[in-house]
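Visitor: Supplied in structure tokens, the structure appears directly below.
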Amino acid sequence: MKQMRIMLLYLIVSLVCSASLFARDGLVIRDIIVVGTSRTSEGVIRSQLPFREGDLWQDEYEQWAVRRLTALDIFAYEPLRITVEPVSESECRVMVRLADPSILYKDPAEFSIMTGMRLSSSQAYLTAYNPFGTGQNLNLNIVWGHNYSYGGYLSSSLGPGMASLSGRYYRGDYTFTNTAYESSGWSIEGSYRYWWNASLRQAARLQFHTYELNGEHSSRIIPELGLLIDNLFTGSLTASAGFSLEGESSFWRIQGALSGQAGPLIGLTRAGYTSTSTPENLRFAVGGYSLLPLRGEDLQYLSRSYLIGTGEYHFSLNEMLVPIVFTDCGWLWTDSPAPGIHELLFNLGVGFAVYTPIGLPVRLDFAVNPITYTWGWKLGFGHSYVPLY
């Protein structure tokens, strides 16, 4: 009995000593070593790290740094890792492992599939990923056919975040709930976003937008602020306003989203509200496969306000193939065909996702409205419950 007590005491002491030896939180960062890149300046990488040599290591730094570096969109999908190695009882070494992608693509299979899908939809995008090693991405895009647009996009690391500048020209006509609109115009937009900590991201955006809508000209300045929380639940909230340069009424709008996952069950709620003076082309496009999906609808609704709920259940056959059942339910507040109509739409659907080696799913969905018997389907990348901001 005495020997068992001695052995138990020895085991406890050993565990305590091991834990203190390999504990990372609170150790002084002696060295930061960046490995794996062939093109990117180390200064670009260090600007995104929320820690420096001499700081005390905190466990949240790992996810915080990964999210800041990922937001730059200049590194390959793998590897992107932060590892911490104790070098003494009070100090540690931080290893930042990254890889530069090809200048024209991150993954050749993804590039081929996405390019093929875009060309089939009369679109072309070309991105140069960090060609000079100083943290900039250059993007050119063009859409042709019934609706035409072209534009460019420049992003760059700036301090602990990412800044971007883009411009776009477009023209075309579209129909929402049997109402036709003809629109053309151009816009210039600047934005800046960064992670405050491992869970909270903030973004600011300023847009100058001039356009013609059904023959009437308008020019507006549109500032926008957004917050994204990504922790146990993922939530986003954005607020924007529009100030006319030609004496028209100002407007405002706000929208938010909240999603969570419990095992294979995923739930999502989205809502948006605009003032009555919001122009039609700046209201919410709901239905079909926009960012506000009602996947069993054969048209899109131009809504002044909306509330949508989505539930999905993911069956796991293996790591690659995931069958899915889902339902979408939405309330829309529209101005046409009659002002103030509250419309309820309900969809049921099935689909499956095939996960690629880079972790991005290729997804096929089929949905039907059992009340109106409308239906829709989509083949594309990603899930519908991604954050709005």
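Labeling convention for the structure tokens: chains A, B, ... as they appear, residues from 1 per chain, ligands from 1 in order of appearance.
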Residues within 12 Å of Gly263 (chain A), please, as number ranges by chain. Count only C-alpha atoms; anything in the same chain fewer than 2 positions from it doesn't count.

Guide: A: 260-261, 265-267, 312-316

Visitor: Could you pull the residues within 10 Å of region 174-183 of chain A, counting only C-alpha atoms, minus those fewer than 6 positions along the same chain, as a PyMOL selection string?

Guide: chain A and resi 146-147+211-217+280-281+285-287+299-303+334+336-337

Visitor: To one decimal place, how far is CA of Phe75 (chain A) from CA of Ala163 (chain A) in Å?

Guide: 16.3 Å

Visitor: A:Asp173, A:Asp73, A:Glu91, A:Glu62: which is nearest Thr127 (chain A), counting only C-alpha atoms?

Guide: A:Asp73

Visitor: With region 37-59 of chain A as the partner and 12 Å as the cut-off, tabulate the residues of region 158-246 of chain A that qualify, each row holding the nearest pair of atoms and their distance in Å to one decimal, using only C-alpha atoms, sorted by chain and rising number, as a tab-separated table.

Guide:
residue	atom	partner	partner_atom	distance
A:Leu158	CA	A:Ser47	CA	8.2
A:Gly159	CA	A:Ser47	CA	6.0
A:Pro160	CA	A:Gln48	CA	4.7
A:Gly161	CA	A:Gln48	CA	6.8
A:Met162	CA	A:Gln48	CA	9.2
A:Arg193	CA	A:Gln48	CA	12.0
A:Tyr194	CA	A:Gln48	CA	9.2
A:Trp195	CA	A:Gln48	CA	9.5
A:Trp196	CA	A:Pro50	CA	9.3
A:Asn197	CA	A:Pro50	CA	8.4
A:Ala198	CA	A:Pro50	CA	9.7

Visitor: For the selection you just gave me, I'd like the residues written to a file as a CSV table (one decimal), in the first residue's frame, keeping N, CA and C atoms.

Guide:
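Result file selection_39.csv:
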chain,number,residue,atom,x,y,z
A,158,LEU,N,-1.8,46.4,-45.0
A,158,LEU,CA,-1.6,47.7,-44.5
A,158,LEU,C,-1.7,47.7,-43.0
A,159,GLY,N,-0.6,47.9,-42.3
A,159,GLY,CA,-0.6,47.7,-40.9
A,159,GLY,C,-0.9,46.3,-40.5
A,160,PRO,N,-1.8,46.1,-39.5
A,160,PRO,CA,-2.2,44.8,-39.1
A,160,PRO,C,-3.4,44.2,-39.9
A,161,GLY,N,-3.8,44.9,-41.0
A,161,GLY,CA,-4.9,44.5,-41.7
A,161,GLY,C,-4.7,44.5,-43.2
A,162,MET,N,-5.8,44.5,-43.9
A,162,MET,CA,-5.8,44.5,-45.4
A,162,MET,C,-6.6,45.6,-45.9
A,193,ARG,N,-10.0,46.1,-43.5
A,193,ARG,CA,-10.5,45.2,-42.5
A,193,ARG,C,-9.4,44.6,-41.7
A,194,TYR,N,-9.6,44.2,-40.5
A,194,TYR,CA,-8.6,43.6,-39.7
A,194,TYR,C,-9.3,42.9,-38.5
A,195,TRP,N,-8.5,41.9,-37.9
A,195,TRP,CA,-9.0,41.2,-36.7
A,195,TRP,C,-8.6,41.9,-35.5
A,196,TRP,N,-9.5,42.3,-34.6
A,196,TRP,CA,-9.2,42.9,-33.3
A,196,TRP,C,-8.6,41.8,-32.4
A,197,ASN,N,-9.1,40.6,-32.5
A,197,ASN,CA,-8.6,39.5,-31.7
A,197,ASN,C,-8.9,38.2,-32.5
A,198,ALA,N,-8.8,37.0,-31.8
A,198,ALA,CA,-9.0,35.8,-32.5
A,198,ALA,C,-10.4,35.6,-33.0

Visitor: Please provide as a PDB file with C-alpha atoms, in the first residue's frame all residues within 12 Å of Ser156 (chain A), with the sequence filter that same-chain residues fewer than 5 positions apart are discarded (counting only C-alpha atoms).

Guide:
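Final file, out-v3.pdb:
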ATOM      1  CA  VAL A  44       4.602  41.652 -44.710  1.00  0.00           C
ATOM      2  CA  SER A  47       3.061  43.052 -39.751  1.00  0.00           C
ATOM      3  CA  GLN A  48       0.121  40.668 -39.362  1.00  0.00           C
ATOM      4  CA  LEU A  69      -2.551  35.972 -42.542  1.00  0.00           C
ATOM      5  CA  ALA A  71      -7.301  37.379 -44.789  1.00  0.00           C
ATOM      6  CA  LEU A  72      -4.450  38.724 -46.946  1.00  0.00           C
ATOM      7  CA  ASP A  73      -5.240  36.033 -49.552  1.00  0.00           C
ATOM      8  CA  ILE A  74      -1.590  35.870 -50.692  1.00  0.00           C
ATOM      9  CA  TYR A 129      -1.261  36.645 -56.295  1.00  0.00           C
ATOM     10  CA  ASN A 130       1.409  38.803 -54.678  1.00  0.00           C
ATOM     11  CA  PRO A 131       3.551  39.063 -57.848  1.00  0.00           C
ATOM     12  CA  PHE A 132       6.113  41.424 -56.305  1.00  0.00           C
ATOM     13  CA  GLY A 133       6.324  39.779 -52.874  1.00  0.00           C
ATOM     14  CA  THR A 134       5.134  42.940 -51.130  1.00  0.00           C
ATOM     15  CA  GLY A 135       1.614  41.753 -50.254  1.00  0.00           C
ATOM     16  CA  GLN A 136      -0.486  42.973 -53.199  1.00  0.00           C
ATOM     17  CA  ASN A 137      -3.025  41.015 -55.247  1.00  0.00           C
ATOM     18  CA  LEU A 138      -4.153  42.274 -58.664  1.00  0.00           C
ATOM     19  CA  ASN A 139      -7.472  41.158 -60.140  1.00  0.00           C
ATOM     20  CA  GLY A 161      -4.948  44.463 -41.703  1.00  0.00           C
ATOM     21  CA  MET A 162      -5.770  44.472 -45.390  1.00  0.00           C
ATOM     22  CA  ALA A 163      -6.773  47.434 -47.555  1.00  0.00           C
ATOM     23  CA  SER A 164      -8.337  47.250 -51.004  1.00  0.00           C
ATOM     24  CA  LEU A 165      -9.282  49.537 -53.870  1.00  0.00           C
ATOM     25  CA  SER A 166     -11.590  48.518 -56.695  1.00  0.00           C
ATOM     26  CA  GLY A 190     -12.051  51.450 -50.855  1.00  0.00           C
ATOM     27  CA  SER A 191     -12.085  49.205 -47.794  1.00  0.00           C
ATOM     28  CA  TYR A 192     -10.027  48.194 -44.792  1.00  0.00           C
ATOM     29  CA  ARG A 193     -10.502  45.209 -42.480  1.00  0.00           C
TER      30      ARG A 193
END

Visitor: Would you compute the distance between CA of Ile113 (chain A) and CA of Val322 (chain A)? Give it in Å to one decimal.

Guide: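 It comes out at 19.7 Å.
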
Visitor: Name the residues of region 44-230 of chain A that come out as helix (DSSP H, G or I) in a backbone DSSP run; write them as number ranges by chain.

Guide: A: 44-48, 60-71, 108-120

Visitor: Considering only C-alpha atoms, state which residue in the set A:Ala353, A:Val96, A:Leu268, A:Ile371 is at the smallest distance from Asp328 (chain A).

Guide: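 Checking each of A:Ala353, A:Val96, A:Leu268, A:Ile371 against Asp328 (chain A), counting only C-alpha atoms, the winner is A:Leu268.
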
Visitor: Name all residues at most 9 Å from Arg168 (chain A) (count only C-alpha atoms; drop same-chain ones fewer than 6 positions away) and give them as a ChimeraX atom specification.

Guide: /A:149-153,185-189

Visitor: May I have the residues from that selection written out with C-alpha atoms, as an mmCIF file, in the first residue's frame?

Guide:
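Below is the file selection_31.cif, written as the result:
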data_model
loop_
_atom_site.group_PDB
_atom_site.id
_atom_site.type_symbol
_atom_site.label_atom_id
_atom_site.label_comp_id
_atom_site.auth_asym_id
_atom_site.auth_seq_id
_atom_site.Cartn_x
_atom_site.Cartn_y
_atom_site.Cartn_z
ATOM 1 C CA SER A 149 -19.344 44.649 -66.694
ATOM 2 C CA TYR A 150 -15.616 44.987 -66.275
ATOM 3 C CA GLY A 151 -13.445 46.075 -63.395
ATOM 4 C CA GLY A 152 -10.259 45.728 -61.416
ATOM 5 C CA TYR A 153 -9.282 45.106 -57.829
ATOM 6 C CA GLY A 185 -23.092 52.908 -63.970
ATOM 7 C CA TRP A 186 -19.702 52.732 -62.359
ATOM 8 C CA SER A 187 -18.317 52.710 -58.851
ATOM 9 C CA ILE A 188 -15.060 53.184 -56.962
ATOM 10 C CA GLU A 189 -14.681 51.501 -53.591
#

Visitor: Measure the distance from CA of Pro370 (chain A) to CA of Ser259 (chain A) in Å and round it to one decimal.

Guide: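 Computed distance, CA of Pro370 (chain A) to CA of Ser259 (chain A), equals 25.2 Å.
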
Visitor: For each of A:Arg93, A:Gly359, A:Gly172, A:Thr274, take the minimum atom-to-atom distance to Glu78 (chain A), counting only C-alpha atoms, then give the residue where this is smallest.

Guide: A:Gly359

Visitor: May I ask which of the residues A:Phe243, A:Phe346, A:Trp64, A:Phe233 is the closest one to Phe208 (chain A), counting only C-alpha atoms?

Guide: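 Closest residue, counting only C-alpha atoms: A:Phe243.
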
Visitor: Which of region 118-334 of chain A end up as strand (DSSP E or B) when DSSP is run on this backbone - answer as an NGL selection string?

Guide: :A and (123-129 or 136-143 or 148-158 or 161-176 or 179-195 or 200-213 or 216-230 or 234-244 or 251-262 or 265-274 or 284-286 or 288 or 294 or 301-303 or 305-314 or 321-334)

Visitor: Residues of the last selection are to be written out with C-alpha atoms, as a short mmCIF file (atom, residue, chain, number, x, y, z; two decimals), in the first residue's frame.

Guide:
data_model
loop_
_atom_site.label_atom_id
_atom_site.label_comp_id
_atom_site.auth_asym_id
_atom_site.auth_seq_id
_atom_site.Cartn_x
_atom_site.Cartn_y
_atom_site.Cartn_z
CA GLN A 123 -17.45 35.55 -66.99
CA ALA A 124 -13.67 35.69 -66.75
CA TYR A 125 -11.49 36.49 -63.72
CA LEU A 126 -7.72 36.62 -63.52
CA THR A 127 -5.84 37.20 -60.27
CA ALA A 128 -2.11 37.79 -59.84
CA TYR A 129 -1.26 36.64 -56.29
CA GLN A 136 -0.49 42.97 -53.20
CA ASN A 137 -3.03 41.01 -55.25
CA LEU A 138 -4.15 42.27 -58.66
CA ASN A 139 -7.47 41.16 -60.14
CA LEU A 140 -9.14 41.86 -63.49
CA ASN A 141 -12.66 40.67 -64.26
CA ILE A 142 -15.10 40.91 -67.12
CA VAL A 143 -18.68 39.74 -67.64
CA TYR A 148 -21.97 43.43 -69.14
CA SER A 149 -19.34 44.65 -66.69
CA TYR A 150 -15.62 44.99 -66.28
CA GLY A 151 -13.44 46.07 -63.39
CA GLY A 152 -10.26 45.73 -61.42
CA TYR A 153 -9.28 45.11 -57.83
CA LEU A 154 -6.11 45.79 -55.86
CA SER A 155 -5.57 44.55 -52.31
CA SER A 156 -2.58 45.11 -50.07
CA SER A 157 -1.49 44.52 -46.50
CA LEU A 158 -1.65 47.73 -44.50
CA GLY A 161 -4.95 44.46 -41.70
CA MET A 162 -5.77 44.47 -45.39
CA ALA A 163 -6.77 47.43 -47.56
CA SER A 164 -8.34 47.25 -51.00
CA LEU A 165 -9.28 49.54 -53.87
CA SER A 166 -11.59 48.52 -56.70
CA GLY A 167 -13.43 50.00 -59.64
CA ARG A 168 -16.24 48.62 -61.79
CA TYR A 169 -18.37 49.61 -64.78
CA TYR A 170 -21.59 47.75 -65.60
CA ARG A 171 -24.70 47.88 -67.75
CA GLY A 172 -27.63 45.55 -68.19
CA ASP A 173 -31.23 44.85 -67.36
CA TYR A 174 -32.76 42.45 -64.87
CA THR A 175 -36.14 41.35 -63.61
CA PHE A 176 -37.32 40.84 -60.04
CA THR A 179 -40.65 44.04 -62.65
CA ALA A 180 -37.95 45.01 -65.17
CA TYR A 181 -35.08 47.37 -64.43
CA GLU A 182 -32.47 48.85 -66.73
CA SER A 183 -29.31 49.97 -65.01
CA SER A 184 -25.81 51.13 -65.86
CA GLY A 185 -23.09 52.91 -63.97
CA TRP A 186 -19.70 52.73 -62.36
CA SER A 187 -18.32 52.71 -58.85
CA ILE A 188 -15.06 53.18 -56.96
CA GLU A 189 -14.68 51.50 -53.59
CA GLY A 190 -12.05 51.45 -50.85
CA SER A 191 -12.09 49.21 -47.79
CA TYR A 192 -10.03 48.19 -44.79
CA ARG A 193 -10.50 45.21 -42.48
CA TYR A 194 -8.61 43.60 -39.66
CA TRP A 195 -8.99 41.19 -36.75
CA LEU A 200 -13.68 39.63 -33.81
CA ARG A 201 -13.10 41.23 -37.23
CA GLN A 202 -14.02 44.78 -38.18
CA ALA A 203 -14.34 46.25 -41.64
CA ALA A 204 -14.95 49.71 -43.06
CA ARG A 205 -15.90 50.50 -46.64
CA LEU A 206 -16.49 53.69 -48.63
CA GLN A 207 -18.04 53.65 -52.09
CA PHE A 208 -18.71 56.32 -54.69
CA HIS A 209 -21.47 55.07 -56.99
CA THR A 210 -22.94 56.84 -59.99
CA TYR A 211 -25.59 55.13 -62.10
CA GLU A 212 -28.70 55.38 -64.25
CA LEU A 213 -31.73 53.36 -63.18
CA GLU A 216 -32.84 58.44 -64.08
CA HIS A 217 -29.34 59.47 -63.05
CA SER A 218 -28.02 59.38 -59.49
CA SER A 219 -24.69 59.75 -57.67
CA ARG A 220 -24.16 58.66 -54.08
CA ILE A 221 -21.50 58.26 -51.43
CA ILE A 222 -22.08 55.08 -49.42
CA PRO A 223 -20.11 54.45 -46.19
CA GLU A 224 -20.42 51.07 -44.49
CA LEU A 225 -19.26 49.48 -41.23
CA GLY A 226 -19.28 45.79 -40.42
CA LEU A 227 -18.46 43.39 -37.60
CA LEU A 228 -17.88 39.64 -37.79
CA ILE A 229 -17.74 37.36 -34.74
CA ASP A 230 -16.35 33.88 -35.33
CA THR A 234 -20.56 32.90 -36.32
CA GLY A 235 -22.37 36.21 -36.60
CA SER A 236 -22.11 39.34 -38.70
CA LEU A 237 -23.69 42.77 -38.65
CA THR A 238 -23.34 45.48 -41.31
CA ALA A 239 -24.78 48.98 -41.45
CA SER A 240 -24.58 51.35 -44.40
CA ALA A 241 -26.02 54.67 -45.51
CA GLY A 242 -26.31 56.48 -48.83
CA PHE A 243 -25.90 60.22 -49.24
CA SER A 244 -26.98 61.73 -52.54
CA PHE A 251 -31.18 56.13 -47.14
CA TRP A 252 -29.84 53.52 -44.76
CA ARG A 253 -29.88 49.77 -44.44
CA ILE A 254 -28.76 47.15 -41.93
CA GLN A 255 -28.43 43.40 -42.14
CA GLY A 256 -27.11 40.61 -39.97
CA ALA A 257 -26.59 36.87 -39.84
CA LEU A 258 -26.11 34.26 -37.14
CA SER A 259 -25.15 30.63 -37.70
CA GLY A 260 -24.16 27.73 -35.49
CA GLN A 261 -23.46 24.03 -35.71
CA ALA A 262 -24.29 21.15 -33.37
CA LEU A 265 -27.02 19.97 -37.75
CA ILE A 266 -26.42 23.53 -39.01
CA GLY A 267 -28.72 26.48 -38.45
CA LEU A 268 -28.65 29.93 -40.00
CA THR A 269 -30.77 33.07 -39.61
CA ARG A 270 -30.38 36.17 -41.79
CA ALA A 271 -32.30 39.44 -41.70
CA GLY A 272 -32.12 42.84 -43.37
CA TYR A 273 -34.02 46.11 -43.24
CA THR A 274 -33.85 49.24 -45.40
CA PHE A 284 -31.77 43.06 -51.13
CA ALA A 285 -31.79 40.42 -53.86
CA VAL A 286 -33.42 37.36 -52.28
CA GLY A 288 -32.40 31.56 -56.17
CA LEU A 294 -34.30 30.49 -51.15
CA TYR A 301 -37.18 38.91 -55.35
CA LEU A 302 -36.11 42.51 -54.87
CA SER A 303 -36.99 43.00 -51.23
CA SER A 305 -36.64 43.87 -45.92
CA TYR A 306 -36.38 40.15 -45.28
CA LEU A 307 -36.04 37.43 -42.66
CA ILE A 308 -34.70 34.04 -43.72
CA GLY A 309 -34.00 30.85 -41.77
CA THR A 310 -32.09 27.84 -43.07
CA GLY A 311 -31.53 24.45 -41.51
CA GLU A 312 -29.26 21.71 -42.88
CA TYR A 313 -28.42 18.17 -41.80
CA HIS A 314 -25.16 16.71 -43.10
CA LEU A 321 -18.73 12.82 -49.73
CA VAL A 322 -21.48 14.38 -47.59
CA PRO A 323 -25.20 13.99 -48.45
CA ILE A 324 -27.34 16.91 -47.23
CA VAL A 325 -31.00 17.63 -46.56
CA PHE A 326 -32.07 21.23 -45.99
CA THR A 327 -34.99 23.62 -45.68
CA ASP A 328 -35.21 27.35 -46.39
CA CYS A 329 -37.99 29.55 -45.07
CA GLY A 330 -38.30 33.29 -45.68
CA TRP A 331 -40.54 36.29 -45.11
CA LEU A 332 -40.15 39.12 -47.63
CA TRP A 333 -41.43 42.68 -47.37
CA THR A 334 -41.72 43.97 -50.92
#
